[in-house]
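Raw target16.pdb, PDB, C-alpha atoms:
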ATOM      1  CA  MET A  78     -31.241  66.703 131.542
ATOM      2  CA  PRO A  79     -34.961  67.586 131.179
ATOM      3  CA  LYS A  80     -36.125  70.959 132.451
ATOM      4  CA  LYS A  81     -38.152  69.483 135.329
ATOM      5  CA  ASP A  82     -35.102  67.541 136.558
ATOM      6  CA  ASN A  83     -32.922  70.655 136.430
ATOM      7  CA  MET A  84     -35.467  72.665 138.397
ATOM      8  CA  LEU A  85     -35.722  69.894 140.967
ATOM      9  CA  ALA A  86     -31.928  69.798 141.166
ATOM     10  CA  ILE A  87     -31.864  73.525 141.970
ATOM     11  CA  LEU A  88     -34.329  72.930 144.806
ATOM     12  CA  TRP A  89     -32.097  70.155 146.166
ATOM     13  CA  MET A  90     -29.054  72.423 146.079
ATOM     14  CA  LEU A  91     -30.778  75.354 147.734
ATOM     15  CA  ASN A  92     -32.434  73.140 150.338
ATOM     16  CA  SER A  93     -28.970  72.085 151.574
ATOM     17  CA  GLY A  94     -28.728  75.535 153.196
ATOM     18  CA  GLU A  95     -25.892  76.788 151.008
ATOM     19  CA  LYS A  96     -26.025  80.117 149.236
ATOM     20  CA  LEU A  97     -25.265  79.546 145.563
ATOM     21  CA  THR A  98     -24.611  81.903 142.689
ATOM     22  CA  ALA A  99     -26.113  81.464 139.242
ATOM     23  CA  LYS A 100     -22.615  80.636 137.969
ATOM     24  CA  GLN A 101     -22.181  77.834 140.523
ATOM     25  CA  ILE A 102     -25.576  76.393 139.639
ATOM     26  CA  SER A 103     -24.873  76.566 135.906
ATOM     27  CA  GLU A 104     -21.555  74.744 136.368
ATOM     28  CA  LYS A 105     -23.172  72.055 138.498
ATOM     29  CA  LEU A 106     -25.995  71.469 136.002
ATOM     30  CA  GLU A 107     -23.833  72.167 132.935
ATOM     31  CA  VAL A 108     -26.302  74.687 131.522
ATOM     32  CA  ASN A 109     -26.100  78.341 130.429
ATOM     33  CA  ILE A 110     -26.406  81.015 133.159
ATOM     34  CA  ARG A 111     -29.383  82.551 131.348
ATOM     35  CA  THR A 112     -31.097  79.162 131.567
ATOM     36  CA  VAL A 113     -30.495  79.195 135.338
ATOM     37  CA  TYR A 114     -32.149  82.628 135.557
ATOM     38  CA  ARG A 115     -35.198  81.265 133.695
ATOM     39  CA  TYR A 116     -35.408  78.275 136.041
ATOM     40  CA  ILE A 117     -35.178  80.533 139.105
ATOM     41  CA  ASP A 118     -37.906  82.817 137.730
ATOM     42  CA  ALA A 119     -40.131  79.803 137.017
ATOM     43  CA  LEU A 120     -39.648  78.479 140.545
ATOM     44  CA  CYS A 121     -40.409  81.863 142.078
ATOM     45  CA  SER A 122     -43.535  82.166 139.907
ATOM     46  CA  SER A 123     -44.731  78.787 141.211
ATOM     47  CA  GLY A 124     -44.494  80.035 144.805
ATOM     48  CA  VAL A 125     -41.078  78.787 145.919
ATOM     49  CA  PRO A 126     -39.578  81.446 148.280
ATOM     50  CA  ILE A 127     -36.100  81.886 146.764
ATOM     51  CA  ILE A 128     -34.089  84.776 148.224
ATOM     52  CA  SER A 129     -31.616  86.647 146.017
ATOM     53  CA  ASP A 130     -28.799  88.553 147.750
ATOM     54  CA  ALA A 131     -26.647  90.930 145.707
ATOM     55  CA  GLY A 132     -23.015  91.794 146.309
ATOM     56  CA  HIS A 133     -19.701  89.966 146.659
ATOM     57  CA  HIS A 134     -21.081  87.313 149.011
ATOM     58  CA  GLY A 135     -24.475  87.214 147.356
ATOM     59  CA  GLY A 136     -26.353  84.362 145.733
ATOM     60  CA  TYR A 137     -29.557  82.435 145.896
ATOM     61  CA  SER A 138     -30.915  80.719 148.995
ATOM     62  CA  LEU A 139     -34.174  79.103 150.093
ATOM     63  CA  LEU A 140     -36.256  80.703 152.816
ATOM     64  CA  ASN A 141     -36.081  78.655 156.048
ATOM     65  CA  HIS A 142     -35.491  75.341 154.271
ATOM     66  CA  PHE A 143     -38.894  75.743 152.655
ATOM     67  CA  ILE A 144     -39.196  72.208 151.229
ATOM     68  CA  ARG A 145     -39.723  69.313 153.604
ATOM     69  CA  SER A 146     -41.324  66.892 151.149
ATOM     70  CA  PRO A 147     -40.373  63.178 150.903
ATOM     71  CA  LEU A 148     -38.450  64.006 147.734
ATOM     72  CA  LEU A 149     -35.683  65.569 149.808
ATOM     73  CA  PHE A 150     -33.635  63.287 152.023
ATOM     74  CA  ASP A 151     -31.033  63.775 154.714
ATOM     75  CA  MET A 152     -27.712  61.900 154.601
ATOM     76  CA  GLU A 153     -28.912  58.891 156.605
ATOM     77  CA  GLU A 154     -31.974  58.543 154.372
ATOM     78  CA  LYS A 155     -29.832  58.762 151.244
ATOM     79  CA  LYS A 156     -27.422  56.141 152.582
ATOM     80  CA  THR A 157     -30.308  53.830 153.451
ATOM     81  CA  LEU A 158     -31.871  54.160 150.002
ATOM     82  CA  LEU A 159     -28.545  53.541 148.259
ATOM     83  CA  HIS A 160     -27.921  50.433 150.394
ATOM     84  CA  ALA A 161     -31.437  49.184 149.574
ATOM     85  CA  ALA A 162     -30.681  49.735 145.893
ATOM     86  CA  VAL A 163     -27.600  47.500 146.210
ATOM     87  CA  PHE A 164     -29.777  44.714 147.648
ATOM     88  CA  ALA A 165     -32.362  45.138 144.877
ATOM     89  CA  LYS A 166     -29.752  45.122 142.114
ATOM     90  CA  GLU A 167     -28.038  41.994 143.467
ATOM     91  CA  ALA A 168     -31.410  40.231 143.739
ATOM     92  CA  GLY A 169     -31.998  40.794 140.028
ATOM     93  CA  TYR A 170     -34.444  43.696 140.297
ATOM     94  CA  PRO A 171     -35.975  44.038 136.809
ATOM     95  CA  LEU A 172     -35.961  47.841 136.433
ATOM     96  CA  THR A 173     -32.177  48.105 136.732
ATOM     97  CA  GLU A 174     -31.736  51.106 134.441
ATOM     98  CA  THR A 175     -34.399  53.111 136.268
ATOM     99  CA  LEU A 176     -32.874  52.102 139.602
ATOM    100  CA  GLU A 177     -29.446  53.332 138.506
ATOM    101  CA  ASN A 178     -30.930  56.636 137.321
ATOM    102  CA  ALA A 179     -32.611  57.115 140.704
ATOM    103  CA  THR A 180     -29.441  56.397 142.679
ATOM    104  CA  ALA A 181     -27.453  58.690 140.396
ATOM    105  CA  LYS A 182     -29.874  61.517 141.178
ATOM    106  CA  LEU A 183     -29.545  60.884 144.903
ATOM    107  CA  LYS A 184     -25.808  61.436 144.645
ATOM    108  CA  MET A 185     -26.076  64.221 142.093
ATOM    109  CA  TYR A 186     -28.346  66.345 144.264
ATOM    110  CA  SER A 187     -25.787  66.422 147.064
ATOM    111  CA  ASN A 188     -22.934  68.789 147.691
ATOM    112  CA  GLU A 189     -19.354  67.626 147.080
ATOM    113  CA  GLN A 190     -18.755  66.627 150.699
ATOM    114  CA  GLN A 191     -21.993  64.629 150.902
ATOM    115  CA  GLU A 192     -21.318  62.875 147.593
ATOM    116  CA  SER A 193     -17.842  61.882 148.778
ATOM    117  CA  ALA A 194     -19.267  60.499 152.027
ATOM    118  CA  LEU A 195     -21.925  58.495 150.176
ATOM    119  CA  ASN A 196     -19.347  57.009 147.796
ATOM    120  CA  GLN A 197     -17.158  56.073 150.761
ATOM    121  CA  GLN A 198     -20.068  54.343 152.512
ATOM    122  CA  LEU A 199     -21.075  52.451 149.377
ATOM    123  CA  SER A 200     -17.523  51.244 148.750
ATOM    124  CA  GLY A 201     -17.600  49.417 152.086
ATOM    125  CA  PHE A 202     -21.041  47.838 151.607
ATOM    126  CA  GLU A 203     -21.295  44.654 149.527
ATOM    127  CA  VAL A 204     -24.087  42.149 148.879
ATOM    128  CA  ILE A 205     -23.232  38.755 147.400
ATOM    129  CA  ASN A 206     -26.172  36.976 145.854
ATOM    130  CA  ARG A 207     -26.909  34.400 143.208
ATOM    131  CA  MET A 208     -26.830  35.998 139.771
ATOM    132  CA  VAL A 209     -30.119  36.348 137.920
ATOM    133  CA  SER A 210     -29.901  35.614 134.204
ATOM    134  CA  PRO A 211     -30.609  38.488 131.771
ATOM    135  CA  SER A 212     -33.525  36.502 130.316
ATOM    136  CA  SER A 213     -35.120  36.222 133.764
ATOM    137  CA  GLN A 214     -34.745  39.969 134.260
ATOM    138  CA  LEU A 215     -36.612  40.579 131.004
ATOM    139  CA  VAL A 216     -39.368  38.220 132.147
ATOM    140  CA  LEU A 217     -39.485  40.017 135.507
ATOM    141  CA  ALA A 218     -39.841  43.371 133.760
ATOM    142  CA  ASP A 219     -42.805  42.070 131.715
ATOM    143  CA  LEU A 220     -44.382  40.543 134.828
ATOM    144  CA  GLU A 221     -43.966  43.791 136.767
ATOM    145  CA  HIS A 222     -45.734  45.666 133.976
ATOM    146  CA  ALA A 223     -48.516  43.044 133.849
ATOM    147  CA  VAL A 224     -49.042  43.255 137.623
ATOM    148  CA  GLU A 225     -49.183  47.051 137.502
ATOM    149  CA  GLN A 226     -51.530  47.256 134.514
ATOM    150  CA  GLY A 227     -53.663  44.187 135.309
ATOM    151  CA  ILE A 228     -52.822  42.511 131.986
ATOM    152  CA  SER A 229     -52.971  38.751 131.413
ATOM    153  CA  VAL A 230     -49.868  37.152 129.919
ATOM    154  CA  GLU A 231     -49.231  33.977 127.977
ATOM    155  CA  ILE A 232     -46.217  31.949 129.080
ATOM    156  CA  ASP A 233     -44.309  28.811 128.142
ATOM    157  CA  TYR A 234     -43.557  27.229 131.517
ATOM    158  CA  ARG A 235     -41.414  24.214 132.397
ATOM    159  CA  THR A 236     -41.832  22.487 135.766
ATOM    160  CA  ASN A 237     -39.004  20.671 137.533
ATOM    161  CA  HIS A 238     -40.345  17.250 136.481
ATOM    162  CA  GLU A 239     -41.325  18.056 132.895
ATOM    163  CA  GLU A 240     -38.791  18.386 130.091
ATOM    164  CA  LYS A 241     -41.122  20.078 127.629
ATOM    165  CA  PRO A 242     -42.672  23.427 128.540
ATOM    166  CA  LYS A 243     -46.442  23.888 128.519
ATOM    167  CA  ASN A 244     -48.301  26.953 127.350
ATOM    168  CA  ARG A 245     -50.394  28.721 129.989
ATOM    169  CA  MET A 246     -52.443  31.874 130.317
ATOM    170  CA  ILE A 247     -51.989  33.568 133.695
ATOM    171  CA  ASP A 248     -53.126  36.699 135.523
ATOM    172  CA  PRO A 249     -50.102  37.885 137.553
ATOM    173  CA  TYR A 250     -51.273  39.159 140.939
ATOM    174  CA  GLY A 251     -47.820  39.867 142.345
ATOM    175  CA  ILE A 252     -44.097  39.090 142.424
ATOM    176  CA  VAL A 253     -42.266  37.491 145.357
ATOM    177  CA  TYR A 254     -38.531  37.146 146.032
ATOM    178  CA  TRP A 255     -37.770  34.107 148.186
ATOM    179  CA  ASN A 256     -34.606  32.128 148.933
ATOM    180  CA  ASN A 257     -32.607  33.660 146.050
ATOM    181  CA  LYS A 258     -35.379  33.068 143.504
ATOM    182  CA  TRP A 259     -38.171  35.158 141.975
ATOM    183  CA  TYR A 260     -41.764  33.905 141.757
ATOM    184  CA  THR A 261     -44.987  35.297 140.386
ATOM    185  CA  ILE A 262     -48.268  34.549 142.108
ATOM    186  CA  ALA A 263     -50.910  34.288 139.415
ATOM    187  CA  PHE A 264     -54.305  32.898 138.526
ATOM    188  CA  CYS A 265     -53.749  30.023 136.098
ATOM    189  CA  HIS A 266     -56.472  29.775 133.450
ATOM    190  CA  ARG A 267     -55.489  26.189 132.694
ATOM    191  CA  ARG A 268     -55.833  24.962 136.293
ATOM    192  CA  ASN A 269     -58.518  27.520 137.217
ATOM    193  CA  GLU A 270     -56.726  28.341 140.482
ATOM    194  CA  ILE A 271     -54.118  30.649 141.966
ATOM    195  CA  ARG A 272     -50.615  29.198 141.784
ATOM    196  CA  SER A 273     -46.975  30.247 142.120
ATOM    197  CA  PHE A 274     -44.593  30.126 139.150
ATOM    198  CA  ARG A 275     -40.805  30.314 139.306
ATOM    199  CA  VAL A 276     -39.622  33.090 137.024
ATOM    200  CA  ASP A 277     -36.497  31.232 135.849
ATOM    201  CA  ARG A 278     -38.754  28.462 134.500
ATOM    202  CA  ILE A 279     -40.716  30.877 132.300
ATOM    203  CA  LEU A 280     -39.096  30.445 128.885
ATOM    204  CA  ILE A 281     -41.345  32.749 126.867
ATOM    205  CA  ILE A 282     -43.740  35.489 127.979
ATOM    206  CA  LYS A 283     -46.182  37.408 125.775
ATOM    207  CA  ARG A 284     -48.515  40.214 126.730
ATOM    208  CA  THR A 285     -52.155  39.871 125.751
ATOM    209  CA  GLN A 286     -55.057  42.269 125.371
ATOM    210  CA  LEU A 287     -56.970  40.677 128.253
ATOM    211  CA  ILE A 288     -57.530  42.697 131.419
ATOM    212  CA  PHE A 289     -58.017  41.139 134.862
ATOM    213  CA  THR A 290     -58.904  42.410 138.334
ATOM    214  CA  ARG A 291     -56.889  41.185 141.279
ATOM    215  CA  PRO A 292     -58.992  39.998 144.246
ATOM    216  CA  GLU A 293     -59.445  42.736 146.807
ATOM    217  CA  ALA A 294     -56.968  42.654 149.726
ATOM    218  CA  PHE A 295     -55.069  39.757 148.105
ATOM    219  CA  SER A 296     -51.524  39.323 149.445
ATOM    220  CA  SER A 297     -49.008  37.493 147.253
ATOM    221  CA  ARG A 298     -46.700  37.126 150.243
ATOM    222  CA  ASP A 299     -49.378  35.527 152.436
ATOM    223  CA  PHE A 300     -50.441  33.138 149.672
ATOM    224  CA  PHE A 301     -46.863  32.091 148.944
ATOM    225  CA  MET A 302     -45.883  31.517 152.571
ATOM    226  CA  LYS A 303     -49.106  29.655 153.370
ATOM    227  CA  ASN A 304     -48.396  27.201 150.572
ATOM    228  CA  LEU A 305     -44.714  26.942 151.436
ATOM    229  CA  LEU A 306     -45.173  26.597 155.199
ATOM    230  CA  PRO A 307     -48.725  25.391 155.928
ATOM    231  CA  ASP A 308     -50.304  25.984 159.318
ATOM    232  CA  LEU A 309     -50.207  22.772 161.388
ATOM    233  CA  VAL A 310     -52.385  24.012 164.259
ATOM    234  CA  GLY A 311     -55.183  21.544 164.892
ATOM    235  CA  LYS A 312     -53.946  18.987 162.380
ATOM    236  CA  GLU A 313     -53.997  15.328 163.375
ATOM    237  CA  GLY A 314     -51.460  12.582 162.725
ATOM    238  CA  LEU A 315     -48.367  14.757 163.212
ATOM    239  CA  ILE A 316     -45.090  12.935 163.855
ATOM    240  CA  SER A 317     -42.489  14.107 166.366
ATOM    241  CA  LEU A 318     -38.866  14.266 165.218
ATOM    242  CA  ARG A 319     -36.323  14.330 168.052
ATOM    243  CA  ILE A 320     -32.738  15.250 167.202
ATOM    244  CA  GLU A 321     -29.654  15.636 169.389
ATOM    245  CA  GLY A 322     -26.317  17.046 168.335
ATOM    246  CA  ARG A 323     -23.784  19.823 168.598
ATOM    247  CA  PRO A 324     -25.238  23.169 169.727
ATOM    248  CA  ASP A 325     -24.139  24.961 166.544
ATOM    249  CA  ALA A 326     -25.765  22.301 164.334
ATOM    250  CA  LEU A 327     -28.993  22.446 166.358
ATOM    251  CA  ASP A 328     -28.942  26.239 166.067
ATOM    252  CA  GLU A 329     -28.791  25.949 162.275
ATOM    253  CA  LEU A 330     -31.600  23.413 162.249
ATOM    254  CA  SER A 331     -33.745  25.661 164.424
ATOM    255  CA  MET A 332     -33.204  28.635 162.087
ATOM    256  CA  HIS A 333     -33.637  26.663 158.863
ATOM    257  CA  TRP A 334     -36.372  28.216 156.694
ATOM    258  CA  PHE A 335     -38.378  24.948 156.618
ATOM    259  CA  LEU A 336     -37.314  23.013 159.700
ATOM    260  CA  GLY A 337     -37.508  26.078 161.949
ATOM    261  CA  HIS A 338     -41.193  26.504 161.077
ATOM    262  CA  HIS A 339     -41.864  23.078 162.646
ATOM    263  CA  LEU A 340     -39.717  23.561 165.767
ATOM    264  CA  GLN A 341     -41.601  22.737 168.983
ATOM    265  CA  GLU A 342     -38.917  22.620 171.659
ATOM    266  CA  ARG A 343     -35.214  23.355 171.939
ATOM    267  CA  THR A 344     -32.861  22.408 174.778
ATOM    268  CA  SER A 345     -29.088  22.662 175.073
ATOM    269  CA  ASN A 346     -28.522  19.350 173.261
ATOM    270  CA  GLN A 347     -31.839  18.484 171.603
ATOM    271  CA  ALA A 348     -34.433  19.897 169.223
ATOM    272  CA  ILE A 349     -37.962  18.553 168.735
ATOM    273  CA  PHE A 350     -39.982  19.155 165.574
ATOM    274  CA  LEU A 351     -43.505  18.227 164.445
ATOM    275  CA  PHE A 352     -44.181  17.228 160.823
ATOM    276  CA  GLU A 353     -46.855  15.742 158.631
ATOM    277  CA  GLU A 354     -46.058  12.167 157.604
ATOM    278  CA  LYS A 355     -45.538  13.059 153.947
ATOM    279  CA  SER A 356     -42.912  15.745 154.568
ATOM    280  CA  ILE A 357     -41.062  13.914 157.354
ATOM    281  CA  HIS A 358     -40.296  11.011 155.013
ATOM    282  CA  ASN A 359     -39.913  12.888 151.726
ATOM    283  CA  SER A 360     -38.411  16.343 152.306
ATOM    284  CA  VAL A 361     -36.928  16.277 155.793
ATOM    285  CA  PRO A 362     -34.341  13.466 155.264
ATOM    286  CA  TYR A 363     -32.715  15.405 152.417
ATOM    287  CA  PHE A 364     -32.465  18.519 154.590
ATOM    288  CA  LEU A 365     -30.861  16.488 157.408
ATOM    289  CA  LEU A 366     -28.405  14.645 155.174
ATOM    290  CA  SER A 367     -26.105  17.658 154.805
ATOM    291  CA  TYR A 368     -25.560  17.860 158.587
ATOM    292  CA  GLY A 369     -23.693  14.537 158.574
ATOM    293  CA  VAL A 370     -22.467  13.315 161.956
ATOM    294  CA  SER A 371     -23.007  16.678 163.662
ATOM    295  CA  ILE A 372     -26.556  15.521 164.535
ATOM    296  CA  ARG A 373     -28.168  12.241 165.538
ATOM    297  CA  ILE A 374     -31.827  11.289 165.116
ATOM    298  CA  ILE A 375     -33.308   9.836 168.299
ATOM    299  CA  GLU A 376     -36.776   9.171 166.906
ATOM    300  CA  PRO A 377     -38.641   8.088 164.864
ATOM    301  CA  GLN A 378     -36.906   4.999 163.528
ATOM    302  CA  SER A 379     -38.588   5.474 160.133
ATOM    303  CA  VAL A 380     -36.588   8.650 159.483
ATOM    304  CA  LYS A 381     -33.359   6.853 160.405
ATOM    305  CA  ASP A 382     -34.274   4.083 157.945
ATOM    306  CA  ARG A 383     -35.037   6.645 155.242
ATOM    307  CA  LEU A 384     -31.645   8.314 155.710
ATOM    308  CA  VAL A 385     -29.909   4.927 155.509
ATOM    309  CA  ALA A 386     -31.775   4.149 152.282
ATOM    310  CA  ILE A 387     -30.854   7.519 150.700
ATOM    311  CA  ALA A 388     -27.195   7.102 151.689
ATOM    312  CA  ALA A 389     -27.171   3.564 150.250
ATOM    313  CA  GLU A 390     -28.660   4.808 146.970
ATOM    314  CA  LEU A 391     -25.996   7.509 146.732
ATOM    315  CA  MET A 392     -23.186   5.054 147.480
ATOM    316  CA  GLU A 393     -24.450   2.596 144.879
ATOM    317  CA  TYR A 394     -24.839   5.383 142.329
ATOM    318  CA  TYR A 395     -21.274   6.652 142.720
ATOM    319  CA  GLN A 396     -19.746   3.167 142.814
ATOM    320  CA  GLN A 397     -21.009   2.411 139.339
TER     321      GLN A 397
END
Could you take the file, read its structure, and then write that structure out as structure tokens?
Amino acid sequence: MPKKDNMLAILWMLNSGEKLTAKQISEKLEVNIRTVYRYIDALCSSGVPIISDAGHHGGYSLLNHFIRSPLLFDMEEKKTLLHAAVFAKEAGYPLTETLENATAKLKMYSNEQQESALNQQLSGFEVINRMVSPSSQLVLADLEHAVEQGISVEIDYRTNHEEKPKNRMIDPYGIVYWNNKWYTIAFCHRRNEIRSFRVDRILIIKRTQLIFTRPEAFSSRDFFMKNLLPDLVGKEGLISLRIEGRPDALDELSMHWFLGHHLQERTSNQAIFLFEEKSIHNSVPYFLLSYGVSIRIIEPQSVKDRLVAIAAELMEYYQQ
């Protein structure tokens, strides 16, 4: 372990309030006792108030828990960070190796009792998520670097309705994780506008020498959500969708990531939504299809007709 990490580890140990001998520290860090003495001297020279007590019950301790910086965490903070790391890893976080090193240090700089408690808590905490392919993680890592450094990248990108990928130059402004998928929000040189790109559809990514500046106060989250769920306030020509059904089915509809955004009113046996004409006839019927007979559309008739047409197409397709 590098010298700076060993010295930080000594601070963690002493900050726990325990009095430790040089031998105990050397065994914990797996270094020579003389090396521990040098580390202690270096810390004292830098102004850290380390107390040395001689005798049978002697050892090193830290004066009045000297360090209260954000680098030192209590047990609840450690548990929270380790749980957050589980979420990040399951979501396909690109810097996996660095993340594992960080979590290992959190557990390493704990006494034996604390480490046992943390391992026990982690063993009972699971996150099940859709797996992210290794290739997507590599793309994510390159995108993360491009966002941080302000570097344009060249990508081969395939949309959902194009078989052959197209080459694009983009300036990645940020990365967004939404609905089990990763996206990058970037300025597209080809379209001359800011767009969102699904990471799993990026087949090839290459760094360039071009530098860009992200617009001041730009929020990738706000841009993504505005395009995903547009604001309908003040818009004309909205169509009301009235649905009745079982309470549990209506609850799911009301909490649906898309349908819930358009919810206007909810009663014990009905839910009323407002949609633009395009979405109510194109997207909405496919969302409703999976609810089967647990719901019933009251109005408009056009949505009923669209569901009938989709069901007929499916029946004809599978009867062939």
List the neighbours of Trp255 of chain A out to 10 Å using only C-alpha atoms; skip same-chain residues closer than 6 positions along the sequence, and give me the result as an NGL selection string.
:A and (168 or 298 or 301-302)
On this structure, which residues satisfy the PyMOL selection byres ((chain A and resi 352-367) around 12), written as a compact mmCIF listing (two decimals) with C-alpha atoms, in the frame of the given file?
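Output below, filename selection15.txt:
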# COMPACT_ATOMS: atom_id res chain seq x y z
CA LEU A 305 -44.71 26.94 151.44
CA LEU A 306 -45.17 26.60 155.20
CA PRO A 307 -48.72 25.39 155.93
CA ASP A 308 -50.30 25.98 159.32
CA LEU A 309 -50.21 22.77 161.39
CA VAL A 310 -52.38 24.01 164.26
CA GLY A 311 -55.18 21.54 164.89
CA LYS A 312 -53.95 18.99 162.38
CA GLU A 313 -54.00 15.33 163.38
CA GLY A 314 -51.46 12.58 162.72
CA LEU A 315 -48.37 14.76 163.21
CA ILE A 316 -45.09 12.94 163.86
CA SER A 317 -42.49 14.11 166.37
CA LEU A 318 -38.87 14.27 165.22
CA ARG A 319 -36.32 14.33 168.05
CA ILE A 320 -32.74 15.25 167.20
CA GLY A 322 -26.32 17.05 168.34
CA ALA A 326 -25.76 22.30 164.33
CA LEU A 327 -28.99 22.45 166.36
CA GLU A 329 -28.79 25.95 162.28
CA LEU A 330 -31.60 23.41 162.25
CA SER A 331 -33.74 25.66 164.42
CA HIS A 333 -33.64 26.66 158.86
CA TRP A 334 -36.37 28.22 156.69
CA PHE A 335 -38.38 24.95 156.62
CA LEU A 336 -37.31 23.01 159.70
CA GLY A 337 -37.51 26.08 161.95
CA HIS A 338 -41.19 26.50 161.08
CA HIS A 339 -41.86 23.08 162.65
CA LEU A 340 -39.72 23.56 165.77
CA GLN A 341 -41.60 22.74 168.98
CA ILE A 349 -37.96 18.55 168.74
CA PHE A 350 -39.98 19.16 165.57
CA LEU A 351 -43.50 18.23 164.44
CA TYR A 368 -25.56 17.86 158.59
CA GLY A 369 -23.69 14.54 158.57
CA VAL A 370 -22.47 13.32 161.96
CA SER A 371 -23.01 16.68 163.66
CA ILE A 372 -26.56 15.52 164.54
CA ARG A 373 -28.17 12.24 165.54
CA ILE A 374 -31.83 11.29 165.12
CA GLU A 376 -36.78 9.17 166.91
CA PRO A 377 -38.64 8.09 164.86
CA GLN A 378 -36.91 5.00 163.53
CA SER A 379 -38.59 5.47 160.13
CA VAL A 380 -36.59 8.65 159.48
CA LYS A 381 -33.36 6.85 160.40
CA ASP A 382 -34.27 4.08 157.94
CA ARG A 383 -35.04 6.64 155.24
CA LEU A 384 -31.64 8.31 155.71
CA VAL A 385 -29.91 4.93 155.51
CA ALA A 386 -31.78 4.15 152.28
CA ILE A 387 -30.85 7.52 150.70
CA ALA A 388 -27.20 7.10 151.69
CA LEU A 391 -26.00 7.51 146.73
Identify, on the basis of all atoms listed in the file, every residue whose closest approach to segment 283-294 of chain A does not exceed 9 Å; exclude the query and any residue fewer than 2 positions from it along the same chain; express the result as a PyMOL selection string.
chain A and resi 219+223-224+226-232+248-250+281+296
Residue selection dump (C-alpha atoms) as a PDB file, in the coordinates of the input:
ATOM      1  CA  ASP A 219     -42.805  42.070 131.715  1.00  0.00           C
ATOM      2  CA  ALA A 223     -48.516  43.044 133.849  1.00  0.00           C
ATOM      3  CA  VAL A 224     -49.042  43.255 137.623  1.00  0.00           C
ATOM      4  CA  GLN A 226     -51.530  47.256 134.514  1.00  0.00           C
ATOM      5  CA  GLY A 227     -53.663  44.187 135.309  1.00  0.00           C
ATOM      6  CA  ILE A 228     -52.822  42.511 131.986  1.00  0.00           C
ATOM      7  CA  SER A 229     -52.971  38.751 131.413  1.00  0.00           C
ATOM      8  CA  VAL A 230     -49.868  37.152 129.919  1.00  0.00           C
ATOM      9  CA  GLU A 231     -49.231  33.977 127.977  1.00  0.00           C
ATOM     10  CA  ILE A 232     -46.217  31.949 129.080  1.00  0.00           C
ATOM     11  CA  ASP A 248     -53.126  36.699 135.523  1.00  0.00           C
ATOM     12  CA  PRO A 249     -50.102  37.885 137.553  1.00  0.00           C
ATOM     13  CA  TYR A 250     -51.273  39.159 140.939  1.00  0.00           C
ATOM     14  CA  ILE A 281     -41.345  32.749 126.867  1.00  0.00           C
ATOM     15  CA  SER A 296     -51.524  39.323 149.445  1.00  0.00           C
TER      16      SER A 296
END
Neighbouring residues of Leu140 of chain A were defined as those with any atom within 12 Å, considering all atoms listed in the file; residues of the same chain fewer than 6 positions away were excluded. Please report them as a PyMOL selection string.
chain A and resi 88+91-96+121+124-130
Fewer than 6 positions away in the same chain doesn't count, so skip those; otherwise give me all residues within 10 Å of Gln198 of chain A, counting all atoms listed in the file, as a PDB file with C-alpha atoms, in the frame of the given file.
ATOM      1  CA  LYS A 156     -27.422  56.141 152.582  1.00  0.00           C
ATOM      2  CA  LEU A 159     -28.545  53.541 148.259  1.00  0.00           C
ATOM      3  CA  HIS A 160     -27.921  50.433 150.394  1.00  0.00           C
ATOM      4  CA  GLU A 192     -21.318  62.875 147.593  1.00  0.00           C
TER       5      GLU A 192
END
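Atom CA of Met392 of chain A lies 25.2 Å from atom CA of Glu321 of chain A.
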Correct to one decimal, the distance atom CA of Ile110 of chain A-atom CA of Thr98 of chain A is 9.7 Å
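The space separating atom CA of Met152 of chain A from atom CA of Val113 of chain A comes to 26.0 Å.
Nearest residue to Lys166 of chain A, choosing from A:Gln397, A:Thr180, A:Asn304, A:Ser123 and counting only C-alpha atoms: A:Thr180.
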Run the PyMOL selection byres ((chain A and resi 267-278) around 8) against the file shown and list the residues it catches, as a compact mmCIF listing (two decimals) with C-alpha atoms, in the coordinates of the input.
# COMPACT_ATOMS: atom_id res chain seq x y z
CA SER A 213 -35.12 36.22 133.76
CA VAL A 216 -39.37 38.22 132.15
CA LEU A 217 -39.48 40.02 135.51
CA TYR A 234 -43.56 27.23 131.52
CA ARG A 235 -41.41 24.21 132.40
CA THR A 236 -41.83 22.49 135.77
CA ARG A 245 -50.39 28.72 129.99
CA MET A 246 -52.44 31.87 130.32
CA LYS A 258 -35.38 33.07 143.50
CA TRP A 259 -38.17 35.16 141.98
CA TYR A 260 -41.76 33.90 141.76
CA THR A 261 -44.99 35.30 140.39
CA ILE A 262 -48.27 34.55 142.11
CA ALA A 263 -50.91 34.29 139.42
CA PHE A 264 -54.30 32.90 138.53
CA CYS A 265 -53.75 30.02 136.10
CA HIS A 266 -56.47 29.78 133.45
CA ILE A 279 -40.72 30.88 132.30
CA LEU A 280 -39.10 30.44 128.88
CA PHE A 301 -46.86 32.09 148.94
Using all atoms listed in the file for the distances, tell me which of A:Glu167, A:Glu203, A:Glu154, A:Asp118 is nearest to Asn257 of chain A.
A:Glu167
